[in-house]
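Below is my_file31.txt, which holds compact mmCIF, C-alpha atoms and all ligand atoms.
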```
# COMPACT_ATOMS: atom_id res chain seq x y z
CA MET Y 1 3.87 -25.72 5.88
CA ASN Y 2 0.13 -25.18 5.70
CA THR Y 3 -0.80 -21.55 5.04
CA PHE Y 4 -4.03 -19.57 4.91
CA VAL Y 5 -3.81 -16.45 2.73
CA TYR Y 6 -6.47 -13.82 3.27
CA ILE Y 7 -7.53 -12.40 -0.11
CA ASP Y 8 -8.31 -8.73 0.49
CA HIS Y 9 -10.77 -7.39 -2.06
CA PHE Y 10 -13.40 -4.73 -2.62
CA LYS Y 11 -16.61 -6.07 -4.18
CA GLY Y 12 -14.72 -9.02 -5.65
CA ASN Y 13 -11.76 -7.00 -7.02
CA ALA Y 14 -8.70 -8.33 -5.24
CA LEU Y 15 -5.88 -6.03 -4.21
CA PRO Y 16 -2.72 -7.14 -6.08
CA ALA Y 17 -0.90 -7.52 -2.74
CA SER Y 18 -3.22 -10.48 -2.01
CA TRP Y 19 -1.74 -12.38 -4.97
CA GLU Y 20 1.77 -11.44 -3.86
CA ALA Y 21 0.98 -13.05 -0.46
CA LEU Y 22 -0.33 -16.11 -2.24
CA GLY Y 23 2.91 -16.34 -4.20
CA VAL Y 24 4.95 -16.21 -0.97
CA ALA Y 25 2.78 -18.91 0.62
CA LYS Y 26 3.29 -21.18 -2.39
CA THR Y 27 7.05 -21.14 -1.80
CA LEU Y 28 6.44 -22.45 1.75
CA GLY Y 29 4.05 -25.36 1.11
CA THR Y 30 0.31 -25.84 0.61
CA VAL Y 31 -1.95 -22.82 0.38
CA ALA Y 32 -5.60 -22.22 1.15
CA ALA Y 33 -6.88 -18.85 -0.09
CA VAL Y 34 -9.48 -17.42 2.29
CA ILE Y 35 -12.26 -15.50 0.52
CA PHE Y 36 -15.17 -13.86 2.30
CA GLY Y 37 -17.95 -11.91 0.62
CA SER Y 38 -21.10 -12.35 -1.42
CA GLY Y 39 -21.05 -13.60 -5.02
CA MET Y 40 -17.37 -14.55 -4.86
CA GLU Y 41 -17.23 -17.46 -7.37
CA ALA Y 42 -15.18 -15.50 -9.92
CA LEU Y 43 -12.68 -14.41 -7.28
CA ALA Y 44 -12.33 -18.02 -6.05
CA LYS Y 45 -11.56 -19.08 -9.64
CA THR Y 46 -8.90 -16.38 -9.91
CA ALA Y 47 -7.34 -17.49 -6.60
CA PHE Y 48 -6.83 -20.98 -8.03
CA GLU Y 49 -5.23 -19.42 -11.10
CA TYR Y 50 -2.78 -17.52 -8.89
CA GLY Y 51 -1.72 -20.79 -7.23
CA ALA Y 52 -4.15 -21.61 -4.38
CA ASP Y 53 -4.42 -25.38 -3.78
CA GLU Y 54 -7.69 -24.82 -1.95
CA VAL Y 55 -10.12 -21.95 -1.54
CA LEU Y 56 -11.96 -21.55 1.77
CA LEU Y 57 -15.04 -19.67 0.67
CA ALA Y 58 -17.55 -18.01 2.98
CA ASP Y 59 -20.09 -16.69 0.49
CA ASP Y 60 -22.93 -15.07 2.37
CA VAL Y 61 -24.98 -11.88 2.09
CA SER Y 62 -23.98 -11.03 5.66
CA LEU Y 63 -20.40 -10.72 4.32
CA ALA Y 64 -21.29 -8.52 1.33
CA ASP Y 65 -19.64 -5.53 3.06
CA TYR Y 66 -16.40 -5.75 4.99
CA ARG Y 67 -17.01 -5.57 8.73
CA ALA Y 68 -14.09 -6.38 10.98
CA GLU Y 69 -16.11 -8.26 13.61
CA ALA Y 70 -17.89 -10.56 11.15
CA PHE Y 71 -14.83 -11.21 9.01
CA ALA Y 72 -12.46 -11.78 11.95
CA SER Y 73 -14.92 -14.15 13.68
CA THR Y 74 -15.36 -16.18 10.48
CA LEU Y 75 -11.63 -16.27 9.88
CA SER Y 76 -10.76 -17.24 13.46
CA ALA Y 77 -13.36 -20.04 13.44
CA ALA Y 78 -11.92 -21.46 10.19
CA ALA Y 79 -8.36 -21.23 11.52
CA ALA Y 80 -9.31 -22.82 14.86
CA SER Y 81 -10.85 -25.85 13.14
CA ARG Y 82 -8.16 -26.29 10.46
CA THR Y 83 -5.06 -25.29 12.52
CA PRO Y 84 -2.85 -23.84 9.74
CA ASP Y 85 0.81 -23.18 10.58
CA LEU Y 86 0.70 -19.68 9.13
CA LEU Y 87 -1.83 -16.94 8.31
CA LEU Y 88 -0.68 -14.42 5.69
CA PHE Y 89 -2.36 -11.07 4.95
CA PRO Y 90 -1.41 -8.18 2.69
CA THR Y 91 -0.51 -5.08 4.77
CA THR Y 92 -3.68 -3.21 3.89
CA THR Y 93 -5.93 -1.40 6.35
CA ARG Y 94 -8.31 -4.36 6.40
CA GLY Y 95 -5.45 -6.88 6.43
CA ARG Y 96 -3.82 -5.30 9.48
CA GLU Y 97 -7.13 -5.06 11.30
CA LEU Y 98 -8.09 -8.67 10.66
CA ALA Y 99 -4.60 -9.97 11.49
CA ALA Y 100 -4.71 -8.22 14.86
CA MET Y 101 -8.22 -9.46 15.68
CA ALA Y 102 -7.44 -13.02 14.57
CA ALA Y 103 -4.27 -12.98 16.69
CA ILE Y 104 -6.35 -12.13 19.76
CA ASP Y 105 -8.94 -14.83 19.01
CA LEU Y 106 -6.26 -17.45 18.32
CA LYS Y 107 -4.04 -16.37 21.24
CA THR Y 108 -0.98 -15.81 19.11
CA GLY Y 109 1.21 -12.94 17.90
CA VAL Y 110 1.28 -10.95 14.69
CA MET Y 111 4.24 -9.53 12.76
CA VAL Y 112 3.25 -6.66 10.49
CA ASP Y 113 4.58 -4.98 7.36
CA VAL Y 114 7.11 -7.69 6.59
CA ILE Y 115 9.45 -7.12 3.63
CA ALA Y 116 11.34 -10.46 3.66
CA LEU Y 117 10.99 -13.84 5.31
CA GLU Y 118 12.69 -17.20 5.56
CA ALA Y 119 11.36 -20.50 6.86
CA LYS Y 120 13.35 -23.12 8.76
CA ASP Y 121 11.94 -26.17 10.55
CA GLY Y 122 8.43 -24.77 10.38
CA LYS Y 123 9.44 -21.47 11.95
CA ILE Y 124 9.42 -18.20 10.04
CA THR Y 125 11.95 -15.44 10.60
CA VAL Y 126 10.72 -12.14 9.20
CA THR Y 127 12.46 -8.89 8.35
CA ARG Y 128 10.52 -5.67 8.85
CA PRO Y 129 11.35 -1.97 9.07
CA ILE Y 130 11.08 -0.24 12.46
CA TYR Y 131 11.70 3.31 13.78
CA ALA Y 132 10.21 4.91 10.66
CA GLY Y 133 12.28 2.60 8.47
CA LYS Y 134 15.63 3.59 10.01
CA LEU Y 135 16.33 0.02 11.16
CA LEU Y 136 15.42 -3.43 9.91
CA THR Y 137 14.55 -5.96 12.60
CA LYS Y 138 14.44 -9.75 12.41
CA GLU Y 139 11.65 -11.38 14.39
CA THR Y 140 10.09 -14.76 15.05
CA CYS Y 141 6.83 -15.72 16.72
CA SER Y 142 6.92 -18.69 19.11
CA SER Y 143 3.16 -19.38 19.11
CA LYS Y 144 1.01 -20.90 16.38
CA PRO Y 145 -0.44 -20.06 14.00
CA GLN Y 146 2.19 -17.52 13.06
CA ILE Y 147 0.42 -14.45 11.68
CA ILE Y 148 2.19 -12.14 9.25
CA THR Y 149 1.16 -9.18 7.10
CA LEU Y 150 3.29 -8.59 3.98
CA ARG Y 151 4.12 -5.14 2.64
CA GLY Y 152 2.61 -4.57 -0.80
CA ARG Y 153 5.05 -4.79 -3.73
CA ALA Y 154 7.81 -6.17 -1.49
CA PHE Y 155 7.27 -9.62 -3.05
CA PRO Y 156 6.68 -10.58 -6.69
CA LYS Y 157 3.19 -11.24 -7.98
CA PRO Y 158 2.98 -14.83 -9.28
CA ALA Y 159 1.99 -15.51 -12.87
CA GLN Y 160 -1.69 -16.28 -13.41
CA GLN Y 161 -2.24 -19.76 -14.88
CA ALA Y 162 -5.50 -19.62 -16.80
CA GLY Y 163 -7.82 -22.57 -16.14
CA LYS Y 164 -5.92 -23.95 -13.11
CA SER Y 165 -8.31 -25.19 -10.42
CA GLY Y 166 -8.26 -26.80 -6.98
CA THR Y 167 -10.47 -27.78 -4.06
CA LEU Y 168 -13.31 -25.43 -3.18
CA THR Y 169 -14.36 -25.72 0.48
CA LYS Y 170 -17.40 -23.85 1.75
CA VAL Y 171 -17.00 -22.19 5.14
CA ALA Y 172 -19.94 -21.02 7.27
CA ALA Y 173 -20.08 -17.28 7.91
CA VAL Y 174 -20.17 -16.46 11.61
CA THR Y 175 -23.22 -14.27 12.03
CA GLY Y 176 -24.34 -12.33 15.06
CA ASP Y 177 -25.41 -8.99 16.31
CA PHE Y 178 -22.20 -7.21 15.28
CA PRO Y 179 -22.23 -3.51 16.14
CA THR Y 180 -20.81 -2.20 12.83
CA LYS Y 181 -23.18 -1.60 9.93
CA VAL Y 182 -22.01 -0.28 6.55
CA GLU Y 183 -24.23 2.60 5.43
CA GLY Y 184 -22.59 3.29 2.05
CA TYR Y 185 -19.42 4.16 0.19
CA ALA Y 186 -17.90 7.39 -1.13
CA GLU Y 187 -15.47 7.45 -4.07
CA SER Y 188 -12.07 8.86 -3.10
CA GLY Y 189 -11.18 10.42 -6.46
CA GLY Y 190 -9.93 7.63 -8.73
CA GLY Y 191 -6.55 7.71 -10.47
CA VAL Y 192 -3.80 5.13 -10.06
CA SER Y 193 -3.79 3.61 -6.56
CA LEU Y 194 -0.75 4.74 -4.56
CA THR Y 195 -0.06 1.43 -2.85
CA ASP Y 196 -0.30 -0.61 -6.06
CA ALA Y 197 1.57 1.85 -8.29
CA SER Y 198 4.86 0.86 -9.86
CA VAL Y 199 5.66 4.55 -10.46
CA ILE Y 200 4.81 7.46 -8.13
CA VAL Y 201 5.41 11.16 -8.66
CA SER Y 202 5.04 13.15 -5.43
CA GLY Y 203 4.89 16.84 -4.66
CA GLY Y 204 5.80 18.67 -1.47
CA ARG Y 205 5.56 22.17 -0.09
CA GLY Y 206 7.91 23.30 -2.89
CA VAL Y 207 5.04 23.03 -5.43
CA SER Y 208 3.67 26.36 -4.17
CA ASN Y 209 7.00 28.14 -4.45
CA ASN Y 210 7.02 29.61 -7.94
CA PRO Y 211 7.78 33.34 -7.56
CA ALA Y 212 7.17 33.83 -11.29
CA LEU Y 213 3.44 33.14 -10.88
CA THR Y 214 1.01 35.96 -10.12
CA PRO Y 215 -2.24 34.73 -8.58
CA PRO Y 216 -5.50 36.30 -9.78
CA GLY Y 217 -6.58 39.38 -7.83
CA GLY Y 218 -8.96 39.21 -4.88
CA LEU Y 219 -7.33 36.18 -3.23
CA ASP Y 220 -6.09 36.37 0.34
CA GLU Y 221 -2.62 35.07 1.22
CA LYS Y 222 -3.76 31.50 1.94
CA GLN Y 223 -5.93 31.32 -1.18
CA ALA Y 224 -3.04 32.65 -3.26
CA GLU Y 225 -0.74 29.96 -1.83
CA ILE Y 226 -3.25 27.23 -2.68
CA TRP Y 227 -3.75 28.65 -6.18
CA LYS Y 228 0.03 28.58 -6.70
CA ALA Y 229 0.21 25.04 -5.29
CA GLN Y 230 -2.48 23.91 -7.72
CA GLN Y 231 -0.39 25.20 -10.64
CA GLY Y 232 2.61 23.35 -9.19
CA PHE Y 233 0.68 20.15 -8.62
CA ALA Y 234 -0.62 20.35 -12.21
CA LEU Y 235 3.01 19.87 -13.31
CA VAL Y 236 3.42 16.92 -10.93
CA LYS Y 237 0.18 15.40 -12.30
CA ASP Y 238 1.32 15.93 -15.92
CA LEU Y 239 4.52 14.03 -15.22
CA ALA Y 240 2.54 11.31 -13.42
CA SER Y 241 0.15 11.03 -16.35
CA ALA Y 242 3.03 10.74 -18.86
CA LEU Y 243 4.39 7.83 -16.80
CA ASN Y 244 0.98 6.30 -15.96
CA ALA Y 245 1.97 6.91 -12.35
CA ALA Y 246 0.12 7.61 -9.11
CA VAL Y 247 0.34 11.05 -7.50
CA GLY Y 248 1.77 11.27 -3.97
CA ALA Y 249 2.36 14.15 -1.59
CA SER Y 250 4.18 15.10 1.56
CA ARG Y 251 2.26 15.84 4.73
CA ALA Y 252 3.19 19.52 4.46
CA ALA Y 253 1.39 19.64 1.10
CA VAL Y 254 -1.62 17.80 2.52
CA ASP Y 255 -1.79 19.86 5.72
CA ALA Y 256 -1.60 23.07 3.69
CA GLY Y 257 -4.65 21.93 1.70
CA TYR Y 258 -2.88 21.44 -1.66
CA VAL Y 259 -4.16 17.86 -2.13
CA PRO Y 260 -6.36 15.45 -0.13
CA TYR Y 261 -4.95 13.17 2.57
CA THR Y 262 -5.45 10.08 0.35
CA HIS Y 263 -2.26 11.18 -1.47
CA GLN Y 264 -0.06 11.43 1.63
CA VAL Y 265 3.05 9.26 1.71
CA GLY Y 266 4.86 8.68 4.98
CA GLN Y 267 4.68 7.57 8.56
CA THR Y 268 1.14 8.87 8.99
CA GLY Y 269 0.18 8.36 5.34
CA LYS Y 270 0.65 5.48 2.92
CA VAL Y 271 3.70 3.24 2.86
CA VAL Y 272 4.71 2.61 -0.74
CA SER Y 273 7.35 0.55 -2.55
CA PRO Y 274 7.18 1.51 -6.23
CA ASP Y 275 9.86 0.71 -8.80
CA LEU Y 276 10.32 4.45 -9.34
CA TYR Y 277 9.58 7.32 -6.89
CA ILE Y 278 10.05 10.89 -8.09
CA ALA Y 279 10.02 13.49 -5.29
CA CYS Y 280 9.40 17.08 -6.42
CA GLY Y 281 9.95 19.91 -3.93
CA ILE Y 282 10.10 17.51 -0.97
CA SER Y 283 12.82 17.99 1.64
CA GLY Y 284 12.99 14.36 2.81
CA ALA Y 285 11.98 14.56 6.47
CA ILE Y 286 12.34 11.24 8.29
CA GLN Y 287 8.56 10.85 8.48
CA HIS Y 288 8.27 11.15 4.70
CA LEU Y 289 11.16 8.76 4.12
CA ALA Y 290 9.41 6.21 6.37
CA GLY Y 291 6.74 5.86 3.70
CA MET Y 292 8.91 5.56 0.59
CA ARG Y 293 12.42 4.48 1.52
CA THR Y 294 11.88 0.94 0.17
CA SER Y 295 11.20 2.33 -3.33
CA LYS Y 296 13.51 0.62 -5.79
CA LEU Y 297 14.70 3.80 -7.52
CA ILE Y 298 14.35 7.28 -6.03
CA VAL Y 299 14.74 10.48 -8.01
CA ALA Y 300 14.70 13.84 -6.20
CA ILE Y 301 14.18 17.30 -7.66
CA ASN Y 302 14.94 20.05 -5.16
CA LYS Y 303 16.51 23.48 -5.43
CA ASP Y 304 18.40 22.97 -2.15
CA ALA Y 305 21.49 20.79 -2.68
CA GLU Y 306 21.57 20.09 1.09
CA ALA Y 307 18.02 18.67 1.22
CA PRO Y 308 18.08 15.31 3.07
CA ILE Y 309 16.12 13.58 0.26
CA PHE Y 310 19.34 13.59 -1.79
CA LYS Y 311 20.97 11.21 0.73
CA LEU Y 312 18.44 8.54 -0.25
CA ALA Y 313 17.99 9.38 -3.94
CA ARG Y 314 19.83 7.44 -6.63
CA TYR Y 315 19.46 10.40 -9.00
CA GLY Y 316 19.15 13.98 -7.84
CA VAL Y 317 18.47 17.14 -9.79
CA VAL Y 318 19.42 20.32 -7.93
CA GLY Y 319 17.17 22.86 -9.57
CA ASP Y 320 13.85 24.63 -9.78
CA MET Y 321 11.08 22.06 -10.14
CA PHE Y 322 9.07 24.52 -12.25
CA GLN Y 323 11.70 24.15 -14.94
CA VAL Y 324 12.89 20.60 -14.33
CA VAL Y 325 9.50 18.84 -14.04
CA PRO Y 326 8.01 20.14 -17.34
CA ALA Y 327 11.30 19.36 -19.10
CA LEU Y 328 11.20 15.79 -17.73
CA THR Y 329 7.57 15.40 -18.77
CA ALA Y 330 8.35 16.54 -22.30
CA ALA Y 331 11.34 14.18 -22.50
CA PHE Y 332 9.32 11.19 -21.23
CA LYS Y 333 6.44 11.96 -23.61
CA LYS Y 334 8.85 12.08 -26.53
CA ARG Y 335 10.59 8.89 -25.45
CA LEU Y 336 7.30 7.06 -24.84
CA GLY Y 337 5.72 8.38 -28.05
CA LYS Y 338 2.88 10.15 -26.22
C1 LIG H 1 4.30 12.66 14.01
C2 LIG H 1 4.60 13.18 12.63
C3 LIG H 1 4.18 12.48 11.54
C4 LIG H 1 4.47 12.92 10.25
N1 LIG H 1 4.06 12.19 9.17
C5 LIG H 1 4.41 12.59 7.94
C6 LIG H 1 4.06 11.81 6.79
O1 LIG H 1 3.38 10.80 6.87
N2 LIG H 1 4.48 12.25 5.59
C7 LIG H 1 5.23 13.38 5.41
O2 LIG H 1 5.58 13.71 4.28
N3 LIG H 1 5.55 14.14 6.49
C8 LIG H 1 5.15 13.78 7.73
N4 LIG H 1 5.45 14.57 8.78
C9 LIG H 1 5.97 15.94 8.52
C10 LIG H 1 7.45 15.99 8.23
O3 LIG H 1 8.16 16.11 9.44
C11 LIG H 1 7.77 17.21 7.34
O4 LIG H 1 7.30 18.38 7.96
C12 LIG H 1 7.16 17.11 5.93
O5 LIG H 1 7.46 15.88 5.34
C13 LIG H 1 7.76 18.23 5.08
O6 LIG H 1 7.15 18.24 3.82
P1 LIG H 1 7.90 18.89 2.59
O7 LIG H 1 9.16 18.17 2.35
O8 LIG H 1 6.91 18.95 1.48
O9 LIG H 1 8.11 20.38 3.06
P2 LIG H 1 9.45 21.15 3.45
O10 LIG H 1 10.19 20.43 4.50
O11 LIG H 1 9.04 22.55 3.72
O12 LIG H 1 10.30 21.07 2.12
C14 LIG H 1 9.99 21.73 0.94
C15 LIG H 1 11.15 21.50 -0.01
O13 LIG H 1 10.84 22.09 -1.26
C16 LIG H 1 12.03 22.61 -1.79
N5 LIG H 1 11.67 23.63 -2.77
C17 LIG H 1 11.07 24.84 -2.54
N6 LIG H 1 10.86 25.46 -3.70
C18 LIG H 1 11.31 24.66 -4.69
C19 LIG H 1 11.37 24.74 -6.10
N7 LIG H 1 10.90 25.81 -6.75
N8 LIG H 1 11.92 23.72 -6.79
C20 LIG H 1 12.42 22.61 -6.16
N9 LIG H 1 12.39 22.49 -4.80
C21 LIG H 1 11.84 23.48 -4.08
C22 LIG H 1 12.78 23.17 -0.59
O14 LIG H 1 14.17 23.29 -0.86
C23 LIG H 1 12.46 22.14 0.47
O15 LIG H 1 13.46 21.13 0.54
C24 LIG H 1 5.18 14.14 10.08
C25 LIG H 1 5.61 14.85 11.20
C26 LIG H 1 5.33 14.38 12.45
C27 LIG H 1 5.81 15.16 13.65
```

As structure tokens, please, write out the structure in this file.
Amino acid sequence: MNTFVYIDHFKGNALPASWEALGVAKTLGTVAAVIFGSGMEALAKTAFEYGADEVLLADDVSLADYRAEAFASTLSAAAASRTPDLLLFPTTTRGRELAAMAAIDLKTGVMVDVIALEAKDGKITVTRPIYAGKLLTKETCSSKPQIITLRGRAFPKPAQQAGKSGTLTKVAAVTGDFPTKVEGYAESGGGVSLTDASVIVSGGRGVSNNPALTPPGGLDEKQAEIWKAQQGFALVKDLASALNAAVGASRAAVDAGYVPYTHQVGQTGKVVSPDLYIACGISGAIQHLAGMRTSKLIVAINKDAEAPIFKLARYGVVGDMFQVVPALTAAFKKRLGK
């Protein structure tokens, strides 16, 4: 099988899920890594080291910033001339967008957020979660090329082989009067990226529920709630920092203004698959579970023994997170020598 793998990157820094996709493609046959951007030689070299047999490189100033129209047109033109059997993308915002646009250009289908796949006689059968992760469906696509996006961290990242090389093929960027123009970028706050994190500590509405805290005077009810939530989230962040983890949140916490949307996990937030997910003061609504149910190990801390999160958790602590979370942080710091 002949596969194109789209390497999603920002300014030449690839998202780890791109290498995971490359690793999957390698198990199926020959792989061409598709890299678009400007000044991408180093990234092309890295793609060879992660196993690409060939790199299709469109290196052009017009591709310096990601723009769906320009990238999809360039990708579709390359795929139309080379007729790969399969196009693989990581399930990132850009990956999903490009997969959908390429599918339209190439008159084929797209199967998104795949967590397992098997190939037989050139046809791929994928497994992907549906209905907010309640069911797993198996699907095939009868047209070619088959287009698939792979959920991040659902597949192993291949080992990097320093110095490995392959065939570098230059691809012409499709230019035109595309309507989108990138004006600039704003930093979203740093920290460990949620979708790449192997450990996530998340906080829910429960972070604001510490009756022992007295907010400073002069705050109205809403301000007092947010002040309390900030104290609660500080504990979540301490635990995350001890574990070098990313910080997640439920939608209730985001909607209430405790933390920005970039932290939201769930159906309308980020879908994550860490090795360890620690939920603090989160009830486990189906929409939250949709974003984290494929985590390898789930730990829940909740004072309500009936909270639905405990049905999914491997380990559950029924207790007050304001006591349990600092105790856990102290124990981890001791164990990890921090
Ligand atoms: C269309 C749609 C999309 C949605 N998308 C998302 C999504 O992407 N992500 C998401 O998370 N939600 C989403 N929701 C919202 C979801 O239905 C829930 O409302 C939300 O997940 C609840 O968040 P929570 O668990 O933090 O709050 P709650 O349900 O209020 O739970 C708070 C929990 O904290 C516990 N608690 C309180 N105090 C303490 C304490 N001191 N110590 C320990 N535990 C304590 C309580 O027992 C309770 O279980 C969506 C809803 C809809 C309708």

Q | stretch 125-128 of chain Y surroundings by all atoms listed in the file, 12 Å radius, close-in-sequence under 6 positions cut, as number ranges by chain | A | Y: 91, 110-119, 134-142, 146-151, 154, 294

(Q) Using only C-alpha atoms and all ligand atoms for the distances, tell me which of Y:Gln267, Y:Thr83, Y:Thr92, Y:Ser208 is nearest to ligand LIG 1 (chain H). (A) Y:Gln267

Against ligand LIG 1 (chain H), which residues of chain Y fall within 7 Å? For each one I want the closest pair of atoms and the distance in Å (one decimal), counting all atoms listed in the file, rows by chain and increasing residue number, as a tab-separated table.
```
residue	atom	partner	partner_atom	distance
Y:Gly203	CA	H:LIG1	O8	6.8
Y:Gly204	CA	H:LIG1	O8	3.2
Y:Arg205	CA	H:LIG1	O8	3.8
Y:Gly206	CA	H:LIG1	C17	3.5
Y:Val207	CA	H:LIG1	C18	6.5
Y:Asn209	CA	H:LIG1	N6	4.8
Y:Asn210	CA	H:LIG1	N7	5.6
Y:Ala249	CA	H:LIG1	O2	6.7
Y:Ser250	CA	H:LIG1	O2	3.4
Y:Arg251	CA	H:LIG1	C7	3.9
Y:Ala252	CA	H:LIG1	O6	4.2
Y:Ala253	CA	H:LIG1	O8	5.6
Y:Gln264	CA	H:LIG1	N2	6.1
Y:Val265	CA	H:LIG1	N2	5.1
Y:Gly266	CA	H:LIG1	O1	3.2
Y:Gln267	CA	H:LIG1	O1	3.9
Y:Thr268	CA	H:LIG1	O1	3.6
Y:Gly269	CA	H:LIG1	O1	4.3
Y:Cys280	CA	H:LIG1	C20	6.3
Y:Gly281	CA	H:LIG1	O13	3.6
Y:Ile282	CA	H:LIG1	O7	3.5
Y:Ser283	CA	H:LIG1	O15	3.4
Y:Gly284	CA	H:LIG1	O7	5.4
Y:Ala285	CA	H:LIG1	O5	4.8
Y:Ile286	CA	H:LIG1	O3	6.5
Y:Gln287	CA	H:LIG1	C5	4.5
Y:His288	CA	H:LIG1	O2	3.7
Y:Gly291	CA	H:LIG1	O1	6.8
Y:Ile301	CA	H:LIG1	C20	5.8
Y:Asn302	CA	H:LIG1	N9	3.5
Y:Lys303	CA	H:LIG1	C20	4.2
Y:Asp304	CA	H:LIG1	O14	4.4
Y:Ala307	CA	H:LIG1	O15	5.2
Y:Gly319	CA	H:LIG1	C20	5.9
Y:Asp320	CA	H:LIG1	N8	3.7
Y:Met321	CA	H:LIG1	N8	3.8
Y:Phe322	CA	H:LIG1	N7	5.9
```

Quick one: residues within 6 Å of Y:Thr74, all atoms listed in the file counted, chain neighbours fewer than 3 positions away excluded, as a compact mmCIF listing (two decimals) with C-alpha atoms, in the coordinates of the input?
```txt
# COMPACT_ATOMS: atom_id res chain seq x y z
CA PHE Y 71 -14.83 -11.21 9.01
CA ALA Y 77 -13.36 -20.04 13.44
CA ALA Y 173 -20.08 -17.28 7.91
CA VAL Y 174 -20.17 -16.46 11.61
```

Q) What is the distance between atom CA of Y:Lys296 and atom CA of Y:Asn13, in Å to one decimal? A) 26.4 Å

Q: Would you kindly return, as a ChimeraX atom specification, each protein, DNA or RNA residue with an atom no farther than 10 Å from any atom of Y:Ala25, considering all atoms listed in the file and excluding same-chain residues fewer than 2 positions away?
A: /Y:1-5,19-23,27-33,51-52,86-88

Q | Separation of atom CA of Y:Asp238 from atom CA of Y:Phe332 in Å | A | 10.7 Å

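With distances restricted to all atoms listed in the file, Y:Ser18 is the closest residue to Y:Tyr50 from Y:Ser18, Y:Ser38, Y:Ser198, Y:Thr108.
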
Do a neighbour search on Y:Ala78 at 10 Å with only C-alpha atoms, toss out local chain neighbours closer than 6 positions, and write the hits as a PDB file with C-alpha atoms, in the coordinates of the input.
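And here is the file that came out, selection-v4.pdb:
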```
ATOM      1  CA  PHE Y   4      -4.030 -19.570   4.910  1.00  0.00           C
ATOM      2  CA  VAL Y  34      -9.480 -17.420   2.290  1.00  0.00           C
ATOM      3  CA  LEU Y  56     -11.960 -21.550   1.770  1.00  0.00           C
ATOM      4  CA  ALA Y  58     -17.550 -18.010   2.980  1.00  0.00           C
ATOM      5  CA  ALA Y  72     -12.460 -11.780  11.950  1.00  0.00           C
ATOM      6  CA  PRO Y  84      -2.850 -23.840   9.740  1.00  0.00           C
ATOM      7  CA  VAL Y 171     -17.000 -22.190   5.140  1.00  0.00           C
ATOM      8  CA  ALA Y 172     -19.940 -21.020   7.270  1.00  0.00           C
ATOM      9  CA  ALA Y 173     -20.080 -17.280   7.910  1.00  0.00           C
ATOM     10  CA  VAL Y 174     -20.170 -16.460  11.610  1.00  0.00           C
TER      11      VAL Y 174
END
```

Q: Give as a PyMOL selection string the set of residues within 12 Å of the point (-1.8, -8.5, -8.4), where distances use the file's coordinates and all atoms listed in the file.
A: chain Y and resi 7-9+13-23+46-47+49-50+90+152-153+155-160+195-198

Q) Using only C-alpha atoms, which residues sit within 12 Å of Y:Gly184 once same-chain residues fewer than 4 positions away are excluded, as an NGL selection string? A) :Y and (64-66)

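Atom CA of Y:Ala300 lies 18.0 Å from atom CA of Y:Leu194.
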
Coordinates of box centre and edge lengths for stretch 139-157 of chain Y, 4 Å on every side, axis-aligned, as lines of an AutoDock Vina configuration file:
```
center_x = 5.6
center_y = -12.7
center_z = 5.6
size_x = 20.1
size_y = 24.3
size_z = 35.1
```

Q) For Y:Glu225, which of Y:Ala44, Y:Ala256, Y:Ala245, Y:Ala330 is the closest residue, counting only C-alpha atoms? A) Y:Ala256

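Residue nearest Y:Lys144 within the list Y:Lys170, Y:Lys11, Y:Lys333, Y:Lys123: Y:Lys123 [criterion: smallest interatomic distance, all atoms listed in the file].
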
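Using all atoms listed in the file, the smallest distance between any of Y:Ser241, Y:Ser62, Y:Gln231, Y:Ser81 and Y:Gly37 comes from Y:Ser62.
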
Q: Go through Y:Pro179, Y:Gly39, Y:Gly191, Y:Pro145 and flag the residue nearest Y:Gly12, using only C-alpha atoms for the distances.
A: Y:Gly39
